[in-house]
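Undergrad: Got a structure for you, questions after.
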Amino acid sequence: MVQVGEPLPEIKGQTQYGPLDLADFRGRKRVVLWTYPKDATSG
């Protein structure tokens with residue numbers, strides 16, 4: 001479990017707009033990472 005103040009582990013994924021690499025946001029003051037399960041799936 002990540003504690004407050006610790007860097008997040010490497011997170012890469014695919015979005016509806018293309019690839020996402022959390023490292024691209026390093027150095028910004030705030031970043032919100034939000035996920036949503038695909039519609040009509042159990043979740």
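Every chain in the structure tokens has a letter given in the order shown (A, B, ...), and although residue numbers restart at 1 in each chain, ligands are simply numbered from 1 in the order shown.
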As a PyMOL selection string, please: every residue in chain A that DSSP puts in helix (DSSP H, G or I).

TA: chain A and resi 22-25

Undergrad: Determine, counting only C-alpha atoms, which protein, DNA and RNA residues have an atom within 12 Å of an atom of segment 10-27 of chain A; residues of the same chain fewer than 5 positions away are not included. Present the result as a JSON list (two decimals) with N, CA and C atoms, in the first residue's frame.

TA:
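around03.json, written as the output of this step:
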```json
[["chain", "number", "residue", "atom", "x", "y", "z"],
["A", 32, "VAL", "N", -4.84, 13.57, -10.39],
["A", 32, "VAL", "CA", -5.92, 12.68, -9.98],
["A", 32, "VAL", "C", -5.97, 11.53, -10.96],
["A", 33, "LEU", "N", -5.85, 10.33, -10.47],
["A", 33, "LEU", "CA", -5.93, 9.14, -11.29],
["A", 33, "LEU", "C", -7.25, 8.45, -10.96],
["A", 34, "TRP", "N", -8.15, 8.38, -11.92],
["A", 34, "TRP", "CA", -9.48, 7.86, -11.70],
["A", 34, "TRP", "C", -9.76, 6.78, -12.72],
["A", 35, "THR", "N", -10.34, 5.69, -12.29],
["A", 35, "THR", "CA", -10.67, 4.61, -13.22],
["A", 35, "THR", "C", -12.17, 4.36, -13.17],
["A", 36, "TYR", "N", -12.68, 3.84, -14.26],
["A", 36, "TYR", "CA", -14.10, 3.53, -14.36],
["A", 36, "TYR", "C", -14.22, 2.22, -15.12],
["A", 37, "PRO", "N", -14.91, 1.22, -14.55],
["A", 37, "PRO", "CA", -15.04, -0.04, -15.27],
["A", 37, "PRO", "C", -15.89, 0.13, -16.53],
["A", 38, "LYS", "N", -15.65, -0.67, -17.50],
["A", 38, "LYS", "CA", -16.42, -0.62, -18.74],
["A", 38, "LYS", "C", -17.91, -0.78, -18.43]]
```

Undergrad: DSSP on the backbone: what in chain A comes out strand (DSSP E or B), as a list of chain:residue names?

TA: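 Here is the list: A:Lys12, A:Gly13, A:Gln14, A:Thr15, A:Gly18, A:Pro19, A:Leu20, A:Asp21.
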